[in-house]
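Here the structure comes first, spelled out in structure tokens, and everything after it is commentary.
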Amino acid sequence: MAPIPTPSAQPDDAPGRYVGLTAETAERQARERGWTTVRALPPGTVITMEFQGGRINFEVDGGAVKRCWIG
């Protein structure tokens, strides 16, 4: 039987700290804090709801982060 994969470590970070930052600044800071996947999405983007450890999502409008969530 194949081993069960170990999920990615989740950085100890508060998603709300990114709201209001420029998309570039938010992405740089997220990577510095240990997020392995950083995803910037325009408002209203249709995405799947599966949780992926180590991923942070930014809703970006007008170049600024309007909303942020993990997974």
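Within each chain, counting starts at residue 1; across the structure tokens, chains are named A, B, ... in the order shown, with ligands numbered 1 upward in that order.
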Helix (DSSP H, G or I) residues, from DSSP on the backbone, in chain A, as a ChimeraX atom specification: /A:15-18,23-32
For the residues selected in the previous step, produce a file with N, CA and C atoms as a PDB file, in the first residue's frame.
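Produced file result-v3.pdb, reproduced below:
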ATOM      1  N   PRO A  15      -4.345  36.052   7.380  1.00  0.00           N
ATOM      2  CA  PRO A  15      -4.686  36.499   6.035  1.00  0.00           C
ATOM      3  C   PRO A  15      -5.103  37.969   5.961  1.00  0.00           C
ATOM      4  N   GLY A  16      -5.719  38.480   7.003  1.00  0.00           N
ATOM      5  CA  GLY A  16      -6.181  39.867   6.980  1.00  0.00           C
ATOM      6  C   GLY A  16      -5.073  40.889   6.846  1.00  0.00           C
ATOM      7  N   ARG A  17      -3.846  40.510   7.163  1.00  0.00           N
ATOM      8  CA  ARG A  17      -2.731  41.461   7.090  1.00  0.00           C
ATOM      9  C   ARG A  17      -2.406  41.861   5.649  1.00  0.00           C
ATOM     10  N   TYR A  18      -2.882  41.103   4.674  1.00  0.00           N
ATOM     11  CA  TYR A  18      -2.580  41.382   3.271  1.00  0.00           C
ATOM     12  C   TYR A  18      -3.584  42.337   2.607  1.00  0.00           C
ATOM     13  N   ALA A  23      -0.819  43.959  -4.984  1.00  0.00           N
ATOM     14  CA  ALA A  23      -0.694  42.535  -5.273  1.00  0.00           C
ATOM     15  C   ALA A  23       0.766  42.096  -5.226  1.00  0.00           C
ATOM     16  N   GLU A  24       1.672  42.911  -5.735  1.00  0.00           N
ATOM     17  CA  GLU A  24       3.087  42.563  -5.760  1.00  0.00           C
ATOM     18  C   GLU A  24       3.663  42.482  -4.351  1.00  0.00           C
ATOM     19  N   THR A  25       3.335  43.455  -3.513  1.00  0.00           N
ATOM     20  CA  THR A  25       3.827  43.464  -2.136  1.00  0.00           C
ATOM     21  C   THR A  25       3.265  42.280  -1.360  1.00  0.00           C
ATOM     22  N   ALA A  26       1.979  42.009  -1.534  1.00  0.00           N
ATOM     23  CA  ALA A  26       1.342  40.900  -0.834  1.00  0.00           C
ATOM     24  C   ALA A  26       1.985  39.575  -1.229  1.00  0.00           C
ATOM     25  N   GLU A  27       2.231  39.377  -2.515  1.00  0.00           N
ATOM     26  CA  GLU A  27       2.838  38.131  -2.966  1.00  0.00           C
ATOM     27  C   GLU A  27       4.243  37.978  -2.404  1.00  0.00           C
ATOM     28  N   ARG A  28       5.032  39.040  -2.427  1.00  0.00           N
ATOM     29  CA  ARG A  28       6.401  38.984  -1.911  1.00  0.00           C
ATOM     30  C   ARG A  28       6.386  38.635  -0.416  1.00  0.00           C
ATOM     31  N   GLN A  29       5.530  39.314   0.345  1.00  0.00           N
ATOM     32  CA  GLN A  29       5.465  39.055   1.782  1.00  0.00           C
ATOM     33  C   GLN A  29       4.974  37.642   2.079  1.00  0.00           C
ATOM     34  N   ALA A  30       3.997  37.163   1.317  1.00  0.00           N
ATOM     35  CA  ALA A  30       3.473  35.823   1.532  1.00  0.00           C
ATOM     36  C   ALA A  30       4.573  34.777   1.301  1.00  0.00           C
ATOM     37  N   ARG A  31       5.342  34.933   0.250  1.00  0.00           N
ATOM     38  CA  ARG A  31       6.427  33.982  -0.027  1.00  0.00           C
ATOM     39  C   ARG A  31       7.498  34.052   1.061  1.00  0.00           C
ATOM     40  N   GLU A  32       7.800  35.275   1.540  1.00  0.00           N
ATOM     41  CA  GLU A  32       8.776  35.425   2.623  1.00  0.00           C
ATOM     42  C   GLU A  32       8.294  34.754   3.899  1.00  0.00           C
TER      43      GLU A  32
END
Minimum-distance residue to A:Trp35, chosen among A:Gly53, A:Thr48, A:Asp61, A:Cys68 (using only C-alpha atoms): A:Gly53
Nearest candidate to A:Thr45 (options A:Pro5, A:Asp12, A:Ala64, A:Asn57; using only C-alpha atoms): A:Asn57
Shortest interatomic distance to A:Lys66 - which of A:Gly34, A:Pro43, A:Asp13, A:Pro3, counting only C-alpha atoms: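 The answer is A:Pro43, which sits nearest to A:Lys66.
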Could you tell me, as an mmCIF file with all heavy atoms, in the first residue's frame, which residues of chain A DSSP assigns to strand (DSSP E or B) when given the backbone?
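Listed below is the output, result_37.cif:
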data_model
loop_
_atom_site.group_PDB
_atom_site.id
_atom_site.type_symbol
_atom_site.label_atom_id
_atom_site.label_comp_id
_atom_site.auth_asym_id
_atom_site.auth_seq_id
_atom_site.Cartn_x
_atom_site.Cartn_y
_atom_site.Cartn_z
ATOM 1 N N THR A 22 -0.602 46.213 -2.202
ATOM 2 C CA THR A 22 -0.579 45.961 -3.645
ATOM 3 C C THR A 22 -0.387 44.470 -3.842
ATOM 4 O O THR A 22 0.162 43.777 -2.976
ATOM 5 C CB THR A 22 0.566 46.707 -4.345
ATOM 6 O OG1 THR A 22 1.815 46.186 -3.878
ATOM 7 C CG2 THR A 22 0.484 48.210 -4.126
ATOM 8 N N THR A 37 2.338 28.275 -2.283
ATOM 9 C CA THR A 37 1.533 28.644 -3.444
ATOM 10 C C THR A 37 0.812 29.947 -3.136
ATOM 11 O O THR A 37 0.109 30.048 -2.131
ATOM 12 C CB THR A 37 0.497 27.551 -3.781
ATOM 13 O OG1 THR A 37 1.171 26.314 -3.972
ATOM 14 C CG2 THR A 37 -0.286 27.911 -5.035
ATOM 15 N N VAL A 38 1.017 30.940 -3.994
ATOM 16 C CA VAL A 38 0.351 32.239 -3.851
ATOM 17 C C VAL A 38 -0.478 32.448 -5.107
ATOM 18 O O VAL A 38 0.047 32.402 -6.214
ATOM 19 C CB VAL A 38 1.379 33.379 -3.675
ATOM 20 C CG1 VAL A 38 0.681 34.719 -3.557
ATOM 21 C CG2 VAL A 38 2.269 33.117 -2.470
ATOM 22 N N ARG A 39 -1.774 32.676 -4.922
ATOM 23 C CA ARG A 39 -2.679 32.780 -6.075
ATOM 24 C C ARG A 39 -3.416 34.117 -6.014
ATOM 25 O O ARG A 39 -4.094 34.415 -5.039
ATOM 26 C CB ARG A 39 -3.652 31.608 -6.024
ATOM 27 C CG ARG A 39 -4.567 31.498 -7.184
ATOM 28 C CD ARG A 39 -5.228 30.151 -7.273
ATOM 29 N NE ARG A 39 -6.171 29.885 -6.197
ATOM 30 C CZ ARG A 39 -7.045 28.896 -6.188
ATOM 31 N NH1 ARG A 39 -7.086 28.053 -7.203
ATOM 32 N NH2 ARG A 39 -7.861 28.714 -5.196
ATOM 33 N N ALA A 40 -3.278 34.930 -7.067
ATOM 34 C CA ALA A 40 -3.988 36.204 -7.188
ATOM 35 C C ALA A 40 -5.108 36.033 -8.209
ATOM 36 O O ALA A 40 -4.870 35.582 -9.328
ATOM 37 C CB ALA A 40 -3.026 37.309 -7.633
ATOM 38 N N LEU A 41 -6.319 36.388 -7.799
ATOM 39 C CA LEU A 41 -7.499 36.183 -8.641
ATOM 40 C C LEU A 41 -8.287 37.478 -8.771
ATOM 41 O O LEU A 41 -8.432 38.220 -7.802
ATOM 42 C CB LEU A 41 -8.404 35.125 -8.001
ATOM 43 C CG LEU A 41 -7.746 33.792 -7.661
ATOM 44 C CD1 LEU A 41 -8.580 33.023 -6.671
ATOM 45 C CD2 LEU A 41 -7.555 33.001 -8.931
ATOM 46 N N ARG A 55 -1.294 27.074 0.635
ATOM 47 C CA ARG A 55 -1.725 28.006 -0.413
ATOM 48 C C ARG A 55 -2.455 29.188 0.220
ATOM 49 O O ARG A 55 -3.275 29.026 1.108
ATOM 50 C CB ARG A 55 -2.647 27.311 -1.401
ATOM 51 C CG ARG A 55 -3.173 28.276 -2.480
ATOM 52 C CD ARG A 55 -3.919 27.569 -3.576
ATOM 53 N NE ARG A 55 -5.158 26.972 -3.100
ATOM 54 C CZ ARG A 55 -5.912 26.161 -3.824
ATOM 55 N NH1 ARG A 55 -5.546 25.823 -5.047
ATOM 56 N NH2 ARG A 55 -7.020 25.659 -3.338
ATOM 57 N N ILE A 56 -2.163 30.382 -0.281
ATOM 58 C CA ILE A 56 -2.876 31.587 0.111
ATOM 59 C C ILE A 56 -3.443 32.219 -1.153
ATOM 60 O O ILE A 56 -2.812 32.195 -2.215
ATOM 61 C CB ILE A 56 -1.963 32.561 0.893
ATOM 62 C CG1 ILE A 56 -2.790 33.669 1.548
ATOM 63 C CG2 ILE A 56 -0.854 33.116 0.021
ATOM 64 C CD1 ILE A 56 -2.049 34.437 2.620
ATOM 65 N N ASN A 57 -4.661 32.726 -1.046
ATOM 66 C CA ASN A 57 -5.375 33.296 -2.190
ATOM 67 C C ASN A 57 -5.642 34.775 -1.958
ATOM 68 O O ASN A 57 -6.053 35.165 -0.854
ATOM 69 C CB ASN A 57 -6.721 32.583 -2.366
ATOM 70 C CG ASN A 57 -6.560 31.098 -2.516
ATOM 71 O OD1 ASN A 57 -6.187 30.604 -3.563
ATOM 72 N ND2 ASN A 57 -6.825 30.358 -1.443
ATOM 73 N N PHE A 58 -5.439 35.560 -2.983
ATOM 74 C CA PHE A 58 -5.731 36.986 -2.933
ATOM 75 C C PHE A 58 -6.765 37.322 -3.996
ATOM 76 O O PHE A 58 -6.611 36.924 -5.152
ATOM 77 C CB PHE A 58 -4.485 37.827 -3.232
ATOM 78 C CG PHE A 58 -3.338 37.611 -2.284
ATOM 79 C CD1 PHE A 58 -2.073 37.378 -2.759
ATOM 80 C CD2 PHE A 58 -3.525 37.651 -0.917
ATOM 81 C CE1 PHE A 58 -0.999 37.198 -1.900
ATOM 82 C CE2 PHE A 58 -2.472 37.470 -0.041
ATOM 83 C CZ PHE A 58 -1.202 37.245 -0.543
ATOM 84 N N GLU A 59 -7.802 38.048 -3.605
ATOM 85 C CA GLU A 59 -8.712 38.634 -4.591
ATOM 86 C C GLU A 59 -8.178 40.035 -4.845
ATOM 87 O O GLU A 59 -8.111 40.856 -3.925
ATOM 88 C CB GLU A 59 -10.134 38.702 -4.051
ATOM 89 C CG GLU A 59 -11.106 39.273 -5.064
ATOM 90 C CD GLU A 59 -12.521 39.279 -4.528
ATOM 91 O OE1 GLU A 59 -13.130 38.194 -4.468
ATOM 92 O OE2 GLU A 59 -13.004 40.377 -4.175
ATOM 93 N N VAL A 60 -7.765 40.280 -6.084
ATOM 94 C CA VAL A 60 -7.099 41.530 -6.439
ATOM 95 C C VAL A 60 -7.984 42.338 -7.377
ATOM 96 O O VAL A 60 -8.430 41.841 -8.411
ATOM 97 C CB VAL A 60 -5.728 41.254 -7.101
ATOM 98 C CG1 VAL A 60 -5.050 42.544 -7.504
ATOM 99 C CG2 VAL A 60 -4.843 40.440 -6.164
ATOM 100 N N ASP A 61 -8.227 43.593 -7.000
ATOM 101 C CA ASP A 61 -9.023 44.506 -7.817
ATOM 102 C C ASP A 61 -8.305 45.842 -7.859
ATOM 103 O O ASP A 61 -7.953 46.392 -6.808
ATOM 104 C CB ASP A 61 -10.424 44.656 -7.217
ATOM 105 C CG ASP A 61 -11.386 45.385 -8.141
ATOM 106 O OD1 ASP A 61 -11.102 45.497 -9.353
ATOM 107 O OD2 ASP A 61 -12.427 45.848 -7.653
ATOM 108 N N ALA A 64 -4.871 46.093 -5.973
ATOM 109 C CA ALA A 64 -4.788 45.951 -4.516
ATOM 110 C C ALA A 64 -5.549 44.711 -4.051
ATOM 111 O O ALA A 64 -6.549 44.315 -4.652
ATOM 112 C CB ALA A 64 -5.352 47.191 -3.836
ATOM 113 N N VAL A 65 -5.085 44.129 -2.970
ATOM 114 C CA VAL A 65 -5.743 42.956 -2.384
ATOM 115 C C VAL A 65 -7.002 43.430 -1.648
ATOM 116 O O VAL A 65 -6.938 44.267 -0.765
ATOM 117 C CB VAL A 65 -4.801 42.215 -1.414
ATOM 118 C CG1 VAL A 65 -5.526 41.054 -0.739
ATOM 119 C CG2 VAL A 65 -3.556 41.729 -2.148
ATOM 120 N N LYS A 66 -8.148 42.890 -2.056
ATOM 121 C CA LYS A 66 -9.431 43.241 -1.451
ATOM 122 C C LYS A 66 -9.891 42.188 -0.442
ATOM 123 O O LYS A 66 -10.635 42.473 0.478
ATOM 124 C CB LYS A 66 -10.515 43.416 -2.515
ATOM 125 C CG LYS A 66 -10.202 44.455 -3.547
ATOM 126 C CD LYS A 66 -10.090 45.817 -2.919
ATOM 127 C CE LYS A 66 -9.808 46.848 -3.998
ATOM 128 N NZ LYS A 66 -9.577 48.170 -3.442
ATOM 129 N N ARG A 67 -9.447 40.937 -0.649
ATOM 130 C CA ARG A 67 -9.850 39.813 0.215
ATOM 131 C C ARG A 67 -8.756 38.775 0.167
ATOM 132 O O ARG A 67 -8.055 38.646 -0.834
ATOM 133 C CB ARG A 67 -11.167 39.228 -0.314
ATOM 134 C CG ARG A 67 -11.776 38.171 0.572
ATOM 135 C CD ARG A 67 -13.190 37.821 0.119
ATOM 136 N NE ARG A 67 -13.234 37.016 -1.081
ATOM 137 C CZ ARG A 67 -13.419 35.691 -1.091
ATOM 138 N NH1 ARG A 67 -13.560 35.025 0.026
ATOM 139 N NH2 ARG A 67 -13.481 35.053 -2.232
ATOM 140 N N CYS A 68 -8.596 38.039 1.255
ATOM 141 C CA CYS A 68 -7.555 37.029 1.322
ATOM 142 C C CYS A 68 -8.046 35.847 2.136
ATOM 143 O O CYS A 68 -8.740 36.011 3.144
ATOM 144 C CB CYS A 68 -6.317 37.649 1.998
ATOM 145 S SG CYS A 68 -4.943 36.513 2.154
ATOM 146 N N TRP A 69 -7.710 34.626 1.680
ATOM 147 C CA TRP A 69 -8.078 33.424 2.424
ATOM 148 C C TRP A 69 -7.051 32.336 2.155
ATOM 149 O O TRP A 69 -6.313 32.396 1.180
ATOM 150 C CB TRP A 69 -9.501 32.955 2.070
ATOM 151 C CG TRP A 69 -9.689 32.450 0.678
ATOM 152 C CD1 TRP A 69 -9.719 31.147 0.274
ATOM 153 C CD2 TRP A 69 -9.883 33.222 -0.513
ATOM 154 N NE1 TRP A 69 -9.922 31.059 -1.080
ATOM 155 C CE2 TRP A 69 -10.022 32.343 -1.590
ATOM 156 C CE3 TRP A 69 -9.931 34.595 -0.789
ATOM 157 C CZ2 TRP A 69 -10.209 32.754 -2.896
ATOM 158 C CZ3 TRP A 69 -10.113 35.014 -2.095
ATOM 159 C CH2 TRP A 69 -10.250 34.098 -3.118
ATOM 160 N N ILE A 70 -6.994 31.368 3.062
ATOM 161 C CA ILE A 70 -6.023 30.288 2.929
ATOM 162 C C ILE A 70 -6.672 29.052 2.340
ATOM 163 O O ILE A 70 -7.889 28.881 2.404
ATOM 164 C CB ILE A 70 -5.338 29.963 4.266
ATOM 165 C CG1 ILE A 70 -6.366 29.549 5.319
ATOM 166 C CG2 ILE A 70 -4.511 31.126 4.745
ATOM 167 C CD1 ILE A 70 -5.742 29.054 6.600
#
Between atom CA of A:Gly63 and atom CA of A:Thr36 - distance in Å to one decimal: 21.6 Å
Shortest interatomic distance to A:Ala9 - which of A:Val46, A:Gly54, A:Arg33, A:Leu21, counting only C-alpha atoms: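 Under the stated criterion, the closest residue is A:Gly54.
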Pick from A:Pro42, A:Gly71, A:Gly62, A:Glu50 nearest to A:Gly20, counting only C-alpha atoms: A:Gly62
